[in-house]
Every structure is written in C-alpha cells, then in structure tokens.
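Peer 1: Here you go, input30.cif (mmCIF, C-alpha atoms):
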data_structure
loop_
_atom_site.label_atom_id
_atom_site.label_comp_id
_atom_site.auth_asym_id
_atom_site.auth_seq_id
_atom_site.Cartn_x
_atom_site.Cartn_y
_atom_site.Cartn_z
CA MET A 1 40.80 285.98 -55.30
CA MET A 2 40.20 285.08 -58.97
CA ILE A 3 42.38 281.97 -58.65
CA TYR A 4 40.31 280.78 -55.70
CA ALA A 5 37.08 281.27 -57.65
CA ILE A 6 38.49 279.40 -60.67
CA CYS A 7 39.61 276.48 -58.48
CA LEU A 8 36.20 276.32 -56.81
CA VAL A 9 34.31 276.39 -60.12
CA VAL A 10 36.64 273.89 -61.86
CA GLY A 11 36.36 271.48 -58.92
CA LEU A 12 32.58 271.75 -58.77
CA VAL A 13 32.18 271.40 -62.56
CA PHE A 14 34.46 268.35 -62.57
CA THR A 15 32.42 266.78 -59.78
CA LEU A 16 29.10 267.46 -61.49
CA VAL A 17 30.32 266.21 -64.88
CA SER A 18 31.71 263.07 -63.21
CA VAL A 19 28.42 262.37 -61.47
CA VAL A 20 26.31 262.91 -64.61
CA ALA A 21 28.70 261.06 -66.93
CA GLY A 22 29.07 258.22 -64.43
CA HIS A 23 25.32 257.88 -64.11
CA PHE A 24 24.54 257.88 -67.82
CA PHE A 25 27.75 256.40 -69.26
CA GLY A 26 29.24 254.61 -66.25
CA GLY A 27 30.03 250.91 -66.20
CA HIS A 28 26.98 249.37 -64.53
CA GLU A 29 28.59 246.01 -65.30
CA ALA A 30 31.28 246.73 -62.71
CA HIS A 31 30.09 243.86 -60.54
CA VAL A 32 30.77 241.47 -63.43
CA THR A 33 34.02 242.82 -64.83
CA GLY A 34 35.77 244.01 -61.69
CA SER A 35 36.42 247.72 -61.60
CA GLY A 36 34.21 248.64 -64.54
CA GLY A 37 36.81 251.15 -65.66
CA HIS A 38 36.41 253.53 -62.75
CA ALA A 39 39.51 255.52 -61.97
CA GLU A 40 39.45 254.74 -58.25
CA ALA A 41 39.53 250.97 -58.49
CA GLY A 42 42.90 249.30 -58.25
CA ALA A 43 44.70 252.62 -58.02
CA ASP A 44 47.07 251.40 -55.38
CA SER A 45 49.86 248.86 -55.77
CA SER A 46 47.93 245.89 -54.38
CA ASP A 47 45.60 245.44 -57.40
CA MET A 48 42.74 245.26 -54.93
CA PRO A 49 39.92 247.77 -55.10
CA GLY A 50 41.06 250.86 -53.32
CA ILE A 51 41.73 254.54 -53.74
CA SER A 52 44.88 256.52 -54.34
CA ILE A 53 45.75 259.99 -53.08
CA PHE A 54 46.17 260.86 -56.77
CA SER A 55 42.71 259.68 -57.80
CA PRO A 56 40.53 262.24 -59.63
CA THR A 57 38.08 262.31 -56.72
CA ILE A 58 40.72 263.21 -54.13
CA LEU A 59 42.42 265.75 -56.40
CA ALA A 60 39.07 267.38 -57.26
CA SER A 61 38.17 267.61 -53.57
CA PHE A 62 41.51 269.29 -52.86
CA ILE A 63 41.08 271.83 -55.68
CA THR A 64 37.47 272.57 -54.73
CA ALA A 65 38.30 272.97 -51.04
CA PHE A 66 41.32 275.15 -51.87
CA GLY A 67 39.11 277.48 -53.90
CA GLY A 68 36.34 277.55 -51.30
CA PHE A 69 38.61 278.17 -48.34
CA GLY A 70 40.58 280.73 -50.35
CA LEU A 71 37.40 282.70 -51.02
CA ILE A 72 36.44 282.50 -47.34
CA PHE A 73 39.88 283.56 -46.07
CA SER A 74 40.06 286.46 -48.55
CA GLN A 75 36.91 287.95 -46.99
CA PHE A 76 38.58 288.61 -43.64
CA GLN A 77 40.99 291.51 -43.23
CA ILE A 78 43.57 289.51 -41.26
CA THR A 79 43.73 286.63 -43.78
CA ARG A 80 43.15 288.65 -46.98
CA PRO A 81 46.80 288.81 -48.17
CA ALA A 82 47.62 285.90 -50.49
CA VAL A 83 50.72 285.15 -48.41
CA ILE A 84 48.40 284.20 -45.55
CA SER A 85 45.25 282.95 -47.34
CA ALA A 86 47.04 280.61 -49.78
CA PRO A 87 48.89 278.52 -47.16
CA LEU A 88 45.81 278.42 -44.94
CA SER A 89 43.67 277.35 -47.90
CA MET A 90 46.18 274.64 -48.84
CA LEU A 91 46.25 273.37 -45.27
CA CYS A 92 42.45 273.25 -45.03
CA ALA A 93 42.16 271.67 -48.50
CA ALA A 94 44.71 269.03 -47.53
CA GLY A 95 42.60 268.32 -44.45
CA VAL A 96 39.44 267.90 -46.53
CA ALA A 97 41.19 265.70 -49.10
CA GLY A 98 42.85 263.67 -46.33
CA PHE A 99 39.53 263.12 -44.59
CA LEU A 100 37.90 262.03 -47.86
CA TYR A 101 40.83 259.70 -48.61
CA LYS A 102 40.60 258.06 -45.17
CA PHE A 103 36.82 257.74 -45.43
CA LEU A 104 36.91 256.14 -48.90
CA SER A 105 39.79 253.86 -47.89
CA MET A 106 37.75 252.69 -44.94
CA VAL A 107 34.71 252.06 -47.16
CA PHE A 108 36.80 250.09 -49.69
CA SER A 109 38.50 248.02 -46.98
CA HIS A 110 35.16 247.04 -45.40
CA THR A 111 33.74 246.11 -48.78
CA GLN A 112 36.85 244.16 -49.69
CA SER A 113 37.06 242.20 -46.45
CA SER A 114 33.37 241.35 -46.38
CA SER A 115 33.42 239.90 -49.90
CA GLU A 116 36.57 237.90 -49.13
CA SER A 117 34.97 236.35 -46.06
CA ARG A 118 31.84 235.42 -48.03
CA VAL A 119 33.95 233.70 -50.70
CA ALA A 120 35.91 231.79 -48.03
CA LYS A 121 32.62 230.46 -46.61
CA LEU A 122 31.77 228.87 -49.97
CA VAL A 123 34.42 226.16 -49.60
CA GLY A 124 32.55 222.92 -48.87
CA VAL A 125 29.21 224.13 -50.27
CA GLU A 126 27.50 221.74 -52.66
CA ALA A 127 26.50 222.97 -56.11
CA ASN A 128 24.86 221.62 -59.24
CA VAL A 129 26.51 221.66 -62.65
CA ILE A 130 24.26 223.69 -64.99
CA SER A 131 26.64 223.82 -67.96
CA PRO A 132 28.79 220.73 -68.50
CA ILE A 133 32.38 221.09 -67.39
CA THR A 134 34.56 219.83 -70.23
CA GLU A 135 37.79 217.92 -69.68
CA ASN A 136 40.39 220.47 -68.50
CA GLY A 137 37.82 223.14 -69.36
CA VAL A 138 35.30 225.40 -67.75
CA GLY A 139 31.59 224.90 -67.14
CA GLU A 140 29.06 226.56 -64.89
CA ILE A 141 27.70 225.70 -61.45
CA ALA A 142 24.74 226.94 -59.43
CA TYR A 143 24.79 227.07 -55.63
CA VAL A 144 22.49 228.42 -52.92
CA VAL A 145 23.66 230.61 -50.03
CA SER A 146 21.25 232.17 -47.52
CA GLY A 147 18.30 231.32 -49.73
CA SER A 148 19.71 233.04 -52.82
CA ARG A 149 20.82 231.13 -55.91
CA TYR A 150 24.11 232.11 -57.55
CA THR A 151 25.98 230.87 -60.62
CA ALA A 152 29.71 230.82 -61.29
CA PRO A 153 32.26 229.47 -63.77
CA ALA A 154 33.85 226.27 -62.50
CA ARG A 155 36.68 223.84 -63.19
CA VAL A 156 37.11 220.33 -61.82
CA GLU A 157 40.16 219.84 -59.56
CA ASN A 158 41.28 216.65 -61.38
CA GLY A 159 40.51 218.06 -64.84
CA LYS A 160 37.95 215.37 -65.73
CA ALA A 161 34.66 216.20 -67.46
CA VAL A 162 31.47 216.52 -65.41
CA ALA A 163 28.02 216.22 -66.97
CA ASN A 164 25.15 218.62 -66.59
CA GLY A 165 23.04 218.03 -63.46
CA GLN A 166 25.73 216.38 -61.32
CA THR A 167 26.32 217.48 -57.75
CA VAL A 168 29.76 218.86 -56.94
CA LYS A 169 31.44 220.40 -53.90
CA ILE A 170 33.29 223.73 -54.04
CA THR A 171 36.90 223.16 -52.94
CA ARG A 172 38.41 226.60 -53.52
CA VAL A 173 37.83 229.93 -55.23
CA VAL A 174 40.58 231.71 -57.16
CA GLY A 175 39.46 235.14 -58.36
CA THR A 176 36.12 234.46 -60.03
CA GLN A 177 37.01 230.84 -60.87
CA PHE A 178 35.47 228.12 -58.70
CA TYR A 179 37.17 224.73 -58.36
CA VAL A 180 35.01 221.71 -57.58
CA THR A 181 35.14 217.96 -56.97
CA VAL A 182 32.42 215.46 -57.81
CA VAL A 183 30.40 214.36 -54.77
#
Once more with this new file: its structure as structure tokens, please.

Peer 2:
Amino acid sequence: MMIYAICLVVGLVFTLVSVVAGHFFGGHEAHVTGSGGHAEAGADSSDMPGISIFSPTILASFITAFGGFGLIFSQFQITRPAVISAPLSMLCAAGVAGFLYKFLSMVFSHTQSSSESRVAKLVGVEANVISPITENGVGEIAYVVSGSRYTAPARVENGKAVANGQTVKITRVVGTQFYVTVV
C-alpha cells in the first residue's frame, strides 16, 4: 500500500510542479520559436507537433493513476493482495494513460491540420513589403487575412531585390519562410 501512496504523491507533485513551473518559467514565445522547449512537442518521429507515449505527461498520468487505483483496490478485501491489486492497477493506469494519449493526439492533430490549411490559403494573397527584401536575402512582408494584419519573413522567388512599399504576391510558404513575386 505504501508503494501506491508514493506513486500517487510523486505523480501529483510532478503535475503540480510542471503546471507552476510552466506558468512562471514556460516558453510563452512558443508561437514564435516552434515548440518553445516543451517536452511534448515533436516527440514523435515526424518532427511535427505531437505527443509520445513516453512524454512526461503520459508517464506521470500512468504513475498517478497506478497509485490511485492501487490505493482504491487495496481497500477491498477481494482485491487487497498485491498479486491482484498490482495488475488491476496497472491495467487501469494503462487505460487512463491511453485515453490521455489519444485525447492529446487528437488535439494536436486538429491544431496541426487547421494551421496547415490556413497557410495553404495564403498562396495568391497580395502583401506589402515592409522591410526591403535584399538580393538573394530576406525581408519582411505584411498581409491581411480576415481583417487581421500579419507580418512574415519573405524571399523573392527570382532572388532579385524588392524595395520597401512594393506590392507582392505570396507564391508558397516553406516552414515560416514566405516566397513572393512582384505584382
């Protein structure tokens, strides 16, 4: 029963420390830099935001659930022996961790697909150069989508320089880099 209590407390403490540390010390610049250093992002082999079964969140949920279910099962006479309560606790903890994994995977996939479709819709949109694009270099463009103004780094498809204030058309987006042609 002591092992179950330790697992429950360790899992809960890890979760609370993660929440507090993430709030005060977390990378709020994640939308600029990609993953922002969070353990979940890019944990699978695709390099796309996602979650792994070995992520700290999934492992902590398994350990916490194992401890909680172990304490519950050890309260009943029929499931009190460790030979019975431990496998049942592991099975229930695997169910909790599996559910959390599926839920977070679903959330990441919806977020990922929605941002990809928005980027695809930018092809053909006109933009204004707000920082000159140097020859074979990078400048900055501003474009408007759904009434909101956005800025992005941009390169010219043919590599020629484009002056500040010129109108360009977005031809493709590769990662965070926009490619444009002069209108």

Peer 1: Please compute the CA of Lys121 (chain A)-CA of Met106 (chain A) distance, one decimal, in Å.

Peer 2: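 Rounded to one decimal, the two atoms are 22.9 Å apart.
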
Peer 1: What separation in Å, quoted to one decimal, exists between CA of Ile133 (chain A) and CA of Ala161 (chain A)?

Peer 2: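 Atom-to-atom, CA of Ile133 (chain A) to CA of Ala161 (chain A), that is 5.4 Å.
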
Peer 1: Up to 12 Å from (19.9, 229.5, -62.9) in the file's coordinates: name the residues, counting only C-alpha atoms, as number ranges by chain.

Peer 2: A: 127-131, 140-144, 148-152, 165

Peer 1: So that I have them on file, write out the residues from the current selection with C-alpha atoms, as a compact mmCIF listing (two decimals), in the frame of the given file.

Peer 2:
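And here is the file that came out, again14.txt:
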# COMPACT_ATOMS: atom_id res chain seq x y z
CA ALA A 127 26.50 222.97 -56.11
CA ASN A 128 24.86 221.62 -59.24
CA VAL A 129 26.51 221.66 -62.65
CA ILE A 130 24.26 223.69 -64.99
CA SER A 131 26.64 223.82 -67.96
CA GLU A 140 29.06 226.56 -64.89
CA ILE A 141 27.70 225.70 -61.45
CA ALA A 142 24.74 226.94 -59.43
CA TYR A 143 24.79 227.07 -55.63
CA VAL A 144 22.49 228.42 -52.92
CA SER A 148 19.71 233.04 -52.82
CA ARG A 149 20.82 231.13 -55.91
CA TYR A 150 24.11 232.11 -57.55
CA THR A 151 25.98 230.87 -60.62
CA ALA A 152 29.71 230.82 -61.29
CA GLY A 165 23.04 218.03 -63.46

Peer 1: Could you tell me which of A:Val145, A:Val83, A:Ile51, A:Val9 comes closest to Tyr101 (chain A) if we count only C-alpha atoms?

Peer 2: A:Ile51

Peer 1: Excluding region 69-78 of chain A and residues on its chain fewer than 2 positions from it, collect all residues at most 8 Å away from it, counting all atoms listed in the file, and give them as a list in words.

Peer 2: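 Counting all atoms listed in the file, the residues come to Met1, Tyr4, Ala5, Ala65, Phe66, Gly67, Arg80, Pro81, Ala82, Ser85, Ala86, Leu88, Ser89, Cys92 and Ala93 of chain A.
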
Peer 1: Between A:Leu59, A:Ile6, A:Leu122, A:Leu16, which residue has the minimum interatomic distance to Phe178 (chain A), considering all atoms listed in the file?

Peer 2: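 Using all atoms listed in the file, the shortest distance to Phe178 (chain A) belongs to A:Leu122.
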
Peer 1: Go through A:Val173, A:Val138, A:Ala163, A:Leu104 one by one, measure the shortest atom-to-atom distance of each to Val123 (chain A) using only C-alpha atoms, and give the residue with the smallest value.

Peer 2: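 The shortest atom-to-atom distance to Val123 (chain A) comes from A:Val173.
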
Peer 1: For CA of Val125 (chain A) and CA of Thr167 (chain A), quote the distance in Å rounded to one decimal.

Peer 2: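 Those two atoms sit 10.4 Å apart.
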
Peer 1: Could you give me, as a ChimeraX atom specification, the residues within 8 Å of Thr64 (chain A), counting all atoms listed in the file and dropping anything in the same chain fewer than 4 positions from it?

Peer 2: /A:7-12,60,68,93

Peer 1: For Thr181 (chain A), list every protein, DNA or RNA residue within 7 Å, evaluated using all atoms listed in the file, and leave out those in the same chain fewer than 5 positions away; present the list as a PDB file with C-alpha atoms, keeping the file's coordinate frame.

Peer 2:
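So around.pdb came out as:
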ATOM      1  CA  VAL A 156      37.110 220.330 -61.820  1.00  0.00           C
ATOM      2  CA  GLU A 157      40.160 219.840 -59.560  1.00  0.00           C
ATOM      3  CA  VAL A 168      29.760 218.860 -56.940  1.00  0.00           C
ATOM      4  CA  LYS A 169      31.440 220.400 -53.900  1.00  0.00           C
ATOM      5  CA  ILE A 170      33.290 223.730 -54.040  1.00  0.00           C
ATOM      6  CA  THR A 171      36.900 223.160 -52.940  1.00  0.00           C
TER       7      THR A 171
END

Peer 1: Nearest to Arg172 (chain A) among A:Pro132, A:Gly159, A:Gly98, A:Val119, with distances taken over only C-alpha atoms: which residue is it?

Peer 2: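 Distance minimum relative to Arg172 (chain A) lands on A:Val119.
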
Peer 1: Please evaluate the PyMOL selection byres ((chain A and resi 177) around 8) against the structure above and give the resulting residues as a count of residues only.

Peer 2: 10

Peer 1: Step by step, gather every atom of region 146-165 of chain A that the file lists, find the box along x, y and z that holds them, add 8 Å on each side, and finally give centre and edge lengths in Å to one decimal, as JSON.

Peer 2:
{"center_x": 29.8, "center_y": 224.2, "center_z": -57.5, "size_x": 39.0, "size_y": 33.7, "size_z": 35.9}

Peer 1: Which residue out of A:Ala120, A:Ile63, A:Val162, A:Ile53 has the minimum interatomic distance to Thr134 (chain A) when only C-alpha atoms are used?

Peer 2: A:Val162

Peer 1: With distances taken over only C-alpha atoms, which of A:Ala97, A:Val183, A:Val107, A:Ile3 is nearest to Pro56 (chain A)?

Peer 2: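 Comparing A:Ala97, A:Val183, A:Val107, A:Ile3 against Pro56 (chain A), the winner is A:Ala97.
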